[in-house]
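Chemist: File follows, target_13.pdb with PDB, C-alpha atoms, pLDDT in the B column:
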```
ATOM      1  CA  MET X   1      86.400  98.403  73.101  1.00 84.00           C
ATOM      2  CA  THR X   2      88.817 101.283  73.586  1.00 87.00           C
ATOM      3  CA  ILE X   3      89.107 103.549  76.603  1.00 92.00           C
ATOM      4  CA  SER X   4      91.486 106.343  77.478  1.00 93.00           C
ATOM      5  CA  HIS X   5      94.315 105.758  79.922  1.00 92.00           C
ATOM      6  CA  PHE X   6      92.649 108.003  82.501  1.00 94.00           C
ATOM      7  CA  SER X   7      89.330 106.134  82.179  1.00 95.00           C
ATOM      8  CA  ALA X   8      91.228 102.896  82.780  1.00 95.00           C
ATOM      9  CA  VAL X   9      92.723 104.409  85.960  1.00 96.00           C
ATOM     10  CA  LEU X  10      89.301 105.531  87.188  1.00 97.00           C
ATOM     11  CA  LEU X  11      87.659 102.150  86.515  1.00 97.00           C
ATOM     12  CA  PHE X  12      90.518 100.190  88.074  1.00 97.00           C
ATOM     13  CA  SER X  13      90.527 102.456  91.146  1.00 98.00           C
ATOM     14  CA  LEU X  14      86.752 102.312  91.558  1.00 98.00           C
ATOM     15  CA  PHE X  15      86.385  98.520  91.450  1.00 98.00           C
ATOM     16  CA  THR X  16      89.485  97.825  93.516  1.00 98.00           C
ATOM     17  CA  SER X  17      88.481 100.379  96.162  1.00 98.00           C
ATOM     18  CA  ILE X  18      85.014  98.820  96.508  1.00 98.00           C
ATOM     19  CA  VAL X  19      86.531  95.385  97.194  1.00 98.00           C
ATOM     20  CA  PHE X  20      89.185  96.784  99.558  1.00 98.00           C
ATOM     21  CA  GLY X  21      86.580  98.797 101.459  1.00 98.00           C
ATOM     22  CA  ILE X  22      84.274  95.811 101.978  1.00 97.00           C
ATOM     23  CA  THR X  23      86.976  93.316 102.873  1.00 97.00           C
ATOM     24  CA  GLN X  24      89.343  95.388 105.007  1.00 97.00           C
ATOM     25  CA  ARG X  25      86.867  97.033 107.397  1.00 96.00           C
ATOM     26  CA  ASP X  26      84.023  95.605 109.456  1.00 92.00           C
ATOM     27  CA  GLU X  27      81.501  98.440 109.734  1.00 95.00           C
ATOM     28  CA  PRO X  28      79.629 100.038 106.813  1.00 95.00           C
ATOM     29  CA  LYS X  29      80.695 103.574 107.713  1.00 97.00           C
ATOM     30  CA  LYS X  30      84.362 102.560 107.964  1.00 97.00           C
ATOM     31  CA  MET X  31      84.068 100.566 104.727  1.00 97.00           C
ATOM     32  CA  LEU X  32      82.849 103.651 102.908  1.00 97.00           C
ATOM     33  CA  ARG X  33      85.594 105.837 104.344  1.00 98.00           C
ATOM     34  CA  PHE X  34      88.343 103.319 103.614  1.00 98.00           C
ATOM     35  CA  GLY X  35      87.024 102.724 100.076  1.00 98.00           C
ATOM     36  CA  ALA X  36      87.005 106.472  99.421  1.00 98.00           C
ATOM     37  CA  LEU X  37      90.543 106.776 100.811  1.00 98.00           C
ATOM     38  CA  CYS X  38      91.777 103.938  98.588  1.00 98.00           C
ATOM     39  CA  PHE X  39      90.137 105.523  95.532  1.00 98.00           C
ATOM     40  CA  ALA X  40      91.708 108.901  96.264  1.00 98.00           C
ATOM     41  CA  LEU X  41      95.130 107.322  96.832  1.00 98.00           C
ATOM     42  CA  PHE X  42      94.941 105.231  93.647  1.00 98.00           C
ATOM     43  CA  VAL X  43      93.948 108.182  91.450  1.00 98.00           C
ATOM     44  CA  GLY X  44      96.143 110.715  93.249  1.00 98.00           C
ATOM     45  CA  GLY X  45      99.124 108.351  93.243  1.00 98.00           C
ATOM     46  CA  THR X  46      98.754 107.725  89.520  1.00 97.00           C
ATOM     47  CA  ILE X  47      98.557 111.440  88.727  1.00 97.00           C
ATOM     48  CA  ALA X  48     101.571 112.156  90.966  1.00 98.00           C
ATOM     49  CA  ALA X  49     103.583 109.342  89.339  1.00 97.00           C
ATOM     50  CA  SER X  50     102.608 110.629  85.875  1.00 96.00           C
ATOM     51  CA  TRP X  51     103.856 114.134  86.685  1.00 96.00           C
ATOM     52  CA  ALA X  52     107.044 112.677  88.195  1.00 97.00           C
ATOM     53  CA  MET X  53     107.728 110.762  84.967  1.00 96.00           C
ATOM     54  CA  TRP X  54     107.011 113.893  82.907  1.00 96.00           C
ATOM     55  CA  LEU X  55     109.471 115.888  85.034  1.00 97.00           C
ATOM     56  CA  ILE X  56     112.150 113.187  84.699  1.00 97.00           C
ATOM     57  CA  LYS X  57     111.738 113.194  80.931  1.00 95.00           C
ATOM     58  CA  HIS X  58     111.955 116.996  80.644  1.00 92.00           C
TER
ATOM     59  CA  MET R   1      95.346  97.968 106.732  1.00 45.00           C
ATOM     60  CA  THR R   2      94.677  94.857 108.733  1.00 47.00           C
ATOM     61  CA  THR R   3      91.245  93.679 109.593  1.00 48.00           C
ATOM     62  CA  LYS R   4      90.421  93.796 113.272  1.00 48.00           C
ATOM     63  CA  ALA R   5      90.402  90.073 114.014  1.00 47.00           C
ATOM     64  CA  GLN R   6      88.979  88.553 117.133  1.00 46.00           C
ATOM     65  CA  ALA R   7      89.645  85.263 118.825  1.00 43.00           C
ATOM     66  CA  PRO R   8      86.745  82.876 118.227  1.00 44.00           C
ATOM     67  CA  ALA R   9      85.889  82.916 121.908  1.00 40.00           C
ATOM     68  CA  GLU R  10      85.623  86.709 121.885  1.00 42.00           C
ATOM     69  CA  ALA R  11      83.547  86.640 118.726  1.00 40.00           C
ATOM     70  CA  GLY R  12      80.842  84.802 120.534  1.00 39.00           C
ATOM     71  CA  GLY R  13      81.630  81.130 120.868  1.00 39.00           C
ATOM     72  CA  LYS R  14      83.498  78.169 119.495  1.00 44.00           C
ATOM     73  CA  THR R  15      85.241  77.817 116.110  1.00 46.00           C
ATOM     74  CA  GLY R  16      82.760  77.991 113.259  1.00 49.00           C
ATOM     75  CA  SER R  17      80.326  80.058 115.276  1.00 57.00           C
ATOM     76  CA  GLY R  18      80.351  83.065 112.954  1.00 67.00           C
ATOM     77  CA  ASP R  19      77.722  83.993 110.380  1.00 73.00           C
ATOM     78  CA  ALA R  20      77.943  80.480 108.943  1.00 66.00           C
ATOM     79  CA  ALA R  21      76.129  79.051 111.948  1.00 65.00           C
ATOM     80  CA  ALA R  22      73.148  81.273 111.224  1.00 68.00           C
ATOM     81  CA  SER R  23      73.182  80.543 107.491  1.00 72.00           C
ATOM     82  CA  GLY R  24      73.855  76.799 107.802  1.00 79.00           C
ATOM     83  CA  ALA R  25      76.855  76.903 105.415  1.00 86.00           C
ATOM     84  CA  SER R  26      80.259  75.630 106.506  1.00 94.00           C
ATOM     85  CA  PRO R  27      83.228  78.047 106.284  1.00 95.00           C
ATOM     86  CA  VAL R  28      84.904  75.829 103.668  1.00 96.00           C
ATOM     87  CA  MET R  29      81.773  75.831 101.532  1.00 96.00           C
ATOM     88  CA  VAL R  30      81.591  79.623 101.828  1.00 97.00           C
ATOM     89  CA  LEU R  31      85.253  79.911 100.750  1.00 97.00           C
ATOM     90  CA  LEU R  32      84.737  77.620  97.761  1.00 97.00           C
ATOM     91  CA  ALA R  33      81.523  79.357  96.692  1.00 97.00           C
ATOM     92  CA  GLY R  34      83.221  82.743  96.982  1.00 97.00           C
ATOM     93  CA  TRP R  35      86.105  81.561  94.829  1.00 98.00           C
ATOM     94  CA  LEU R  36      83.923  79.893  92.194  1.00 98.00           C
ATOM     95  CA  PHE R  37      81.659  82.891  91.714  1.00 97.00           C
ATOM     96  CA  PRO R  38      82.398  86.449  92.924  1.00 98.00           C
ATOM     97  CA  GLY R  39      80.192  87.422  95.870  1.00 97.00           C
ATOM     98  CA  ALA R  40      78.687  83.941  96.335  1.00 97.00           C
ATOM     99  CA  GLY R  41      80.410  83.492  99.707  1.00 97.00           C
ATOM    100  CA  HIS R  42      78.832  86.647 101.113  1.00 97.00           C
ATOM    101  CA  LEU R  43      75.517  85.660  99.514  1.00 96.00           C
ATOM    102  CA  LEU R  44      75.551  82.365 101.447  1.00 96.00           C
ATOM    103  CA  LEU R  45      76.052  84.372 104.637  1.00 96.00           C
ATOM    104  CA  GLY R  46      73.046  86.556 103.842  1.00 95.00           C
ATOM    105  CA  LYS R  47      75.092  89.694 103.214  1.00 96.00           C
ATOM    106  CA  TRP R  48      73.230  90.731 100.078  1.00 95.00           C
ATOM    107  CA  ILE R  49      74.559  94.237  99.591  1.00 97.00           C
ATOM    108  CA  ARG R  50      78.211  93.246 100.023  1.00 97.00           C
ATOM    109  CA  ALA R  51      77.684  90.248  97.751  1.00 98.00           C
ATOM    110  CA  GLY R  52      76.124  92.440  95.079  1.00 98.00           C
ATOM    111  CA  LEU R  53      78.859  95.058  95.240  1.00 98.00           C
ATOM    112  CA  LEU R  54      81.643  92.442  95.149  1.00 98.00           C
ATOM    113  CA  MET R  55      80.006  90.607  92.247  1.00 98.00           C
ATOM    114  CA  LEU R  56      79.480  93.845  90.321  1.00 98.00           C
ATOM    115  CA  SER R  57      83.062  95.024  90.875  1.00 98.00           C
ATOM    116  CA  ILE R  58      84.831  91.755  90.078  1.00 98.00           C
ATOM    117  CA  VAL R  59      82.647  90.685  87.154  1.00 98.00           C
ATOM    118  CA  CYS R  60      82.819  94.194  85.627  1.00 98.00           C
ATOM    119  CA  MET R  61      86.588  94.263  86.027  1.00 97.00           C
ATOM    120  CA  PHE R  62      86.928  90.859  84.372  1.00 97.00           C
ATOM    121  CA  ALA R  63      84.501  91.808  81.567  1.00 97.00           C
ATOM    122  CA  ILE R  64      86.302  95.105  80.897  1.00 96.00           C
ATOM    123  CA  GLY R  65      89.604  93.206  80.739  1.00 96.00           C
ATOM    124  CA  ILE R  66      88.151  90.841  78.141  1.00 95.00           C
ATOM    125  CA  ALA R  67      86.564  93.736  76.212  1.00 95.00           C
ATOM    126  CA  LEU R  68      89.939  95.512  76.103  1.00 94.00           C
ATOM    127  CA  GLN R  69      91.322  92.345  74.450  1.00 92.00           C
ATOM    128  CA  GLY R  70      93.459  91.470  77.446  1.00 94.00           C
ATOM    129  CA  LYS R  71      95.277  88.168  77.573  1.00 94.00           C
ATOM    130  CA  VAL R  72      93.912  85.180  79.509  1.00 96.00           C
ATOM    131  CA  TYR R  73      96.909  83.165  80.710  1.00 94.00           C
ATOM    132  CA  THR R  74      97.154  79.421  80.199  1.00 92.00           C
ATOM    133  CA  PRO R  75      99.134  76.899  82.299  1.00 90.00           C
ATOM    134  CA  ASN R  76     102.375  75.202  81.250  1.00 79.00           C
ATOM    135  CA  THR R  77     103.957  78.036  79.306  1.00 79.00           C
ATOM    136  CA  ALA R  78     107.299  77.606  81.167  1.00 84.00           C
ATOM    137  CA  GLU R  79     107.544  81.397  81.561  1.00 88.00           C
ATOM    138  CA  PRO R  80     107.653  82.431  85.266  1.00 89.00           C
ATOM    139  CA  LEU R  81     105.696  85.654  84.674  1.00 90.00           C
ATOM    140  CA  ASP R  82     103.063  83.774  82.677  1.00 91.00           C
ATOM    141  CA  MET R  83     102.744  81.284  85.526  1.00 93.00           C
ATOM    142  CA  LEU R  84     102.136  84.127  87.978  1.00 94.00           C
ATOM    143  CA  GLY R  85      99.583  85.588  85.584  1.00 95.00           C
ATOM    144  CA  PHE R  86      97.889  82.205  85.371  1.00 95.00           C
ATOM    145  CA  ALA R  87      97.737  81.982  89.187  1.00 95.00           C
ATOM    146  CA  GLY R  88      96.106  85.420  89.285  1.00 97.00           C
ATOM    147  CA  ASP R  89      93.627  84.564  86.526  1.00 97.00           C
ATOM    148  CA  LEU R  90      92.700  81.318  88.259  1.00 97.00           C
ATOM    149  CA  GLY R  91      91.409  83.359  91.198  1.00 97.00           C
ATOM    150  CA  SER R  92      88.369  84.283  89.101  1.00 97.00           C
ATOM    151  CA  GLY R  93      87.059  80.727  89.445  1.00 97.00           C
ATOM    152  CA  LEU R  94      84.268  79.951  86.986  1.00 97.00           C
ATOM    153  CA  LEU R  95      84.828  83.198  85.074  1.00 97.00           C
ATOM    154  CA  TYR R  96      88.289  81.928  84.134  1.00 97.00           C
ATOM    155  CA  GLY R  97      86.815  78.570  83.071  1.00 96.00           C
ATOM    156  CA  LEU R  98      84.219  80.377  80.973  1.00 97.00           C
ATOM    157  CA  ALA R  99      86.909  82.501  79.298  1.00 96.00           C
ATOM    158  CA  ARG R 100      88.952  79.394  78.461  1.00 95.00           C
ATOM    159  CA  VAL R 101      85.964  77.438  77.150  1.00 96.00           C
ATOM    160  CA  LEU R 102      84.778  80.324  74.967  1.00 96.00           C
ATOM    161  CA  GLY R 103      88.303  81.164  73.793  1.00 94.00           C
ATOM    162  CA  TRP R 104      88.337  84.720  75.151  1.00 94.00           C
ATOM    163  CA  GLY R 105      91.635  86.543  75.616  1.00 91.00           C
ATOM    164  CA  GLN R 106      93.664  84.419  73.204  1.00 86.00           C
ATOM    165  CA  ALA R 107      94.586  87.174  70.722  1.00 82.00           C
ATOM    166  CA  PRO R 108      98.127  88.621  70.956  1.00 82.00           C
ATOM    167  CA  VAL R 109      98.452  91.835  72.978  1.00 79.00           C
ATOM    168  CA  LEU R 110      99.423  94.582  70.536  1.00 81.00           C
ATOM    169  CA  ILE R 111      98.245  97.861  72.069  1.00 85.00           C
ATOM    170  CA  ALA R 112      98.623  99.518  75.487  1.00 81.00           C
ATOM    171  CA  VAL R 113      94.950  99.240  76.442  1.00 83.00           C
ATOM    172  CA  ALA R 114      95.046  95.501  75.725  1.00 89.00           C
ATOM    173  CA  ASP R 115      97.888  95.241  78.232  1.00 92.00           C
ATOM    174  CA  TYR R 116      95.687  97.152  80.693  1.00 93.00           C
ATOM    175  CA  GLY R 117      93.016  94.552  79.924  1.00 94.00           C
ATOM    176  CA  THR R 118      95.436  91.767  80.890  1.00 95.00           C
ATOM    177  CA  LYS R 119      96.047  93.515  84.223  1.00 96.00           C
ATOM    178  CA  PHE R 120      92.310  94.002  84.789  1.00 97.00           C
ATOM    179  CA  ILE R 121      91.749  90.247  84.353  1.00 97.00           C
ATOM    180  CA  VAL R 122      94.582  89.272  86.711  1.00 97.00           C
ATOM    181  CA  VAL R 123      93.529  91.817  89.370  1.00 98.00           C
ATOM    182  CA  ALA R 124      89.884  90.675  89.119  1.00 98.00           C
ATOM    183  CA  GLY R 125      91.101  87.177  90.023  1.00 98.00           C
ATOM    184  CA  LEU R 126      93.213  88.415  92.932  1.00 98.00           C
ATOM    185  CA  LEU R 127      90.372  90.567  94.283  1.00 98.00           C
ATOM    186  CA  ASN R 128      88.064  87.553  94.077  1.00 98.00           C
ATOM    187  CA  VAL R 129      90.478  85.582  96.268  1.00 98.00           C
ATOM    188  CA  VAL R 130      90.504  88.471  98.788  1.00 98.00           C
ATOM    189  CA  ALA R 131      86.677  88.520  98.767  1.00 98.00           C
ATOM    190  CA  ALA R 132      86.446  84.729  99.222  1.00 98.00           C
ATOM    191  CA  VAL R 133      88.880  84.814 102.160  1.00 98.00           C
ATOM    192  CA  ASP R 134      86.849  87.663 103.693  1.00 97.00           C
ATOM    193  CA  ALA R 135      83.678  85.542 103.425  1.00 97.00           C
ATOM    194  CA  HIS R 136      85.562  82.665 105.059  1.00 97.00           C
ATOM    195  CA  SER R 137      86.667  84.940 107.920  1.00 96.00           C
ATOM    196  CA  LEU R 138      83.071  86.050 108.434  1.00 96.00           C
ATOM    197  CA  ALA R 139      81.885  82.442 108.388  1.00 95.00           C
ATOM    198  CA  ASN R 140      84.303  81.208 111.033  1.00 94.00           C
ATOM    199  CA  GLY R 141      83.895  84.262 113.261  1.00 93.00           C
ATOM    200  CA  ARG R 142      87.387  85.664 112.743  1.00 93.00           C
ATOM    201  CA  LYS R 143      85.864  88.872 111.371  1.00 93.00           C
ATOM    202  CA  ARG R 144      83.081  90.390 113.438  1.00 87.00           C
ATOM    203  CA  SER R 145      80.690  91.623 110.748  1.00 84.00           C
TER
END
```
So, in terms of structure tokens, how does the structure I just supplied come out?

Modeler:
Amino acid sequence: MTISHFSAVLLFSLFTSIVFGITQRDEPKKMLRFGALCFALFVGGTIAASWAMWLIKH
Amino acid sequence: MTTKAQAPAEAGGKTGSGDAAASGASPVMVLLAGWLFPGAGHLLLGKWIRAGLLMLSIVCMFAIGIALQGKVYTPNTAEPLDMLGFAGDLGSGLLYGLARVLGWGQAPVLIAVADYGTKFIVVAGLLNVVAAVDAHSLANGRKRS
């Protein structure tokens, strides 16, 4: 099996966010919100770090 | 990022008076079940949806790691980083045992996505430990619901 680097980021972020959402909050609505926040931070953080590395290289 | 924890008395009674009392499972049994198989701790507490989502996430993450030809760590390699990797992998419980018995993840890591696979396997184990501890907190009443 081969996946792109971005697909790997999305899959990692999705599964990790689901577990974080369920385990770190105690109400379904808050779980959903926290899971979505984690997902956005994982993906956004990765994209920001990627651009930062690109800028350092150039 | 901390869970709102309550004292057992506030949560509605004595120690061990959480969801475990209703389900009949002891907190230790819930912790062990959750570690051995992803989501089993929540399943024992009757939290079907959470159990299903946790099982799906952790098993998928582990399976993707194996499919990407990630490495499954073994004990006694004398390398500190390998030992940490082994501790993470061990968190997957029976999934780790299955991988060892069937010889998965023994090929050398040669490409970047295989290294991602190694990380997926380790993180699946760590997330399973988090999920098992969460089930334990629900069972002993430390976490409300």

Chemist: Within 10 Å of chain X, which residues of chain R show up? Give each one with its shortest atom-to-atom distance in Å (one decimal) and the two atoms involved, counting only C-alpha atoms, rows by chain then rising residue number, as CSV.

Modeler:
```
residue,atom,partner,partner_atom,distance
R:Met1,CA,X:Gln24,CA,6.8
R:Thr2,CA,X:Gln24,CA,6.5
R:Thr3,CA,X:Gln24,CA,5.3
R:Lys4,CA,X:Arg25,CA,7.6
R:Ala5,CA,X:Asp26,CA,9.6
R:Arg50,CA,X:Ile22,CA,6.9
R:Ala51,CA,X:Ile22,CA,9.6
R:Leu53,CA,X:Ile18,CA,7.3
R:Leu54,CA,X:Val19,CA,6.1
R:Met55,CA,X:Val19,CA,9.5
R:Leu56,CA,X:Phe15,CA,8.4
R:Ser57,CA,X:Phe15,CA,4.9
R:Ile58,CA,X:Phe15,CA,7.1
R:Val59,CA,X:Phe15,CA,9.7
R:Cys60,CA,X:Phe15,CA,8.1
R:Met61,CA,X:Phe15,CA,6.9
R:Ile64,CA,X:Met1,CA,8.5
R:Gly65,CA,X:Met1,CA,9.8
R:Ile66,CA,X:Met1,CA,9.3
R:Ala67,CA,X:Met1,CA,5.6
R:Leu68,CA,X:Met1,CA,5.5
R:Gln69,CA,X:Met1,CA,7.9
R:Ala112,CA,X:His5,CA,8.8
R:Val113,CA,X:Thr2,CA,7.1
R:Ala114,CA,X:Thr2,CA,8.8
R:Tyr116,CA,X:Ala8,CA,7.6
R:Gly117,CA,X:Ala8,CA,9.0
R:Lys119,CA,X:Phe12,CA,9.5
R:Phe120,CA,X:Phe12,CA,7.2
R:Val123,CA,X:Thr16,CA,8.3
R:Ala124,CA,X:Thr16,CA,8.4
R:Leu127,CA,X:Val19,CA,6.8
R:Asn128,CA,X:Val19,CA,8.6
R:Val130,CA,X:Thr23,CA,7.3
R:Ala131,CA,X:Thr23,CA,6.3
R:Ala132,CA,X:Thr23,CA,9.3
R:Val133,CA,X:Thr23,CA,8.7
R:Asp134,CA,X:Thr23,CA,5.7
R:Ala135,CA,X:Thr23,CA,8.5
R:Ser137,CA,X:Thr23,CA,9.8
R:Leu138,CA,X:Asp26,CA,9.7
R:Lys143,CA,X:Asp26,CA,7.2
R:Arg144,CA,X:Asp26,CA,6.6
R:Ser145,CA,X:Asp26,CA,5.4
```

Chemist: Which centre and edge lengths in Å to one decimal define the box along x, y and z that fits every listed atom of range 59-78 of chain R plus 5 Å per side, as AutoDock Vina command-line options?

Modeler:
```
--center_x 95.0 --center_y 85.4 --center_z 80.8 --size_x 34.7 --size_y 30.3 --size_z 22.7
```

Chemist: Translate the PyMOL selection byres ((chain R and resi 91) around 7) into a concrete residue list for this structure, as number ranges by chain.

Modeler: R: 35, 87-90, 92-93, 125-126, 128-129

Chemist: Keeping C-alpha atoms, export the residues of the selection given above as a CSV table (one decimal), in the coordinates of the input.

Modeler:
```csv
chain,number,residue,atom,x,y,z
R,35,TRP,CA,86.1,81.6,94.8
R,87,ALA,CA,97.7,82.0,89.2
R,88,GLY,CA,96.1,85.4,89.3
R,89,ASP,CA,93.6,84.6,86.5
R,90,LEU,CA,92.7,81.3,88.3
R,92,SER,CA,88.4,84.3,89.1
R,93,GLY,CA,87.1,80.7,89.4
R,125,GLY,CA,91.1,87.2,90.0
R,126,LEU,CA,93.2,88.4,92.9
R,128,ASN,CA,88.1,87.6,94.1
R,129,VAL,CA,90.5,85.6,96.3
```

Chemist: Just give me the gap between CA of Ala139 in chain R and CA of Phe37 in chain R in Å, one decimal is fine.

Modeler: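 Pair CA of Ala139 in chain R / CA of Phe37 in chain R returns 16.7 Å.
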
Chemist: What does the PyMOL selection byres ((chain R and resi 75) around 10) select in this file, as a PyMOL selection string?

Modeler: chain R and resi 73-74+76-79+82-87+90

Chemist: Distance CA of Pro108 in chain R-CA of Ile121 in chain R, one decimal place?

Modeler: 14.9 Å

Chemist: Just to confirm, what's the straight-line distance from CA of Leu94 in chain R to CA of Met29 in chain R in Å (one decimal)?

Modeler: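 Interatomic distance here is 15.3 Å.
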
Chemist: Let me make sure I understand: among R:Val122, R:Val109, R:Leu44, R:Leu98, which one has the smallest atom-to-atom distance to Leu31 in chain R if we use only C-alpha atoms?

Modeler: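 Comparing R:Val122, R:Val109, R:Leu44, R:Leu98 against Leu31 in chain R, the winner is R:Leu44.
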
Chemist: Quick one: of R:Arg142, R:Gly39, R:Gly70, R:Leu102, who's nearest to Gly52 in chain R, counting all atoms listed in the file?

Modeler: R:Gly39

Chemist: Under the rule that all atoms listed in the file are counted, which of R:Leu95, R:Arg100, R:Ala107, R:His136 is the nearest residue to Leu43 in chain R?

Modeler: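 Of all the options, R:His136 lies closest to Leu43 in chain R.
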
Chemist: Quick one: of R:Val30, R:Leu36, R:Leu45, R:Ala63, who's nearest to Thr118 in chain R, counting all atoms listed in the file?

Modeler: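 Among the listed residues, the smallest separation from Thr118 in chain R belongs to R:Ala63.
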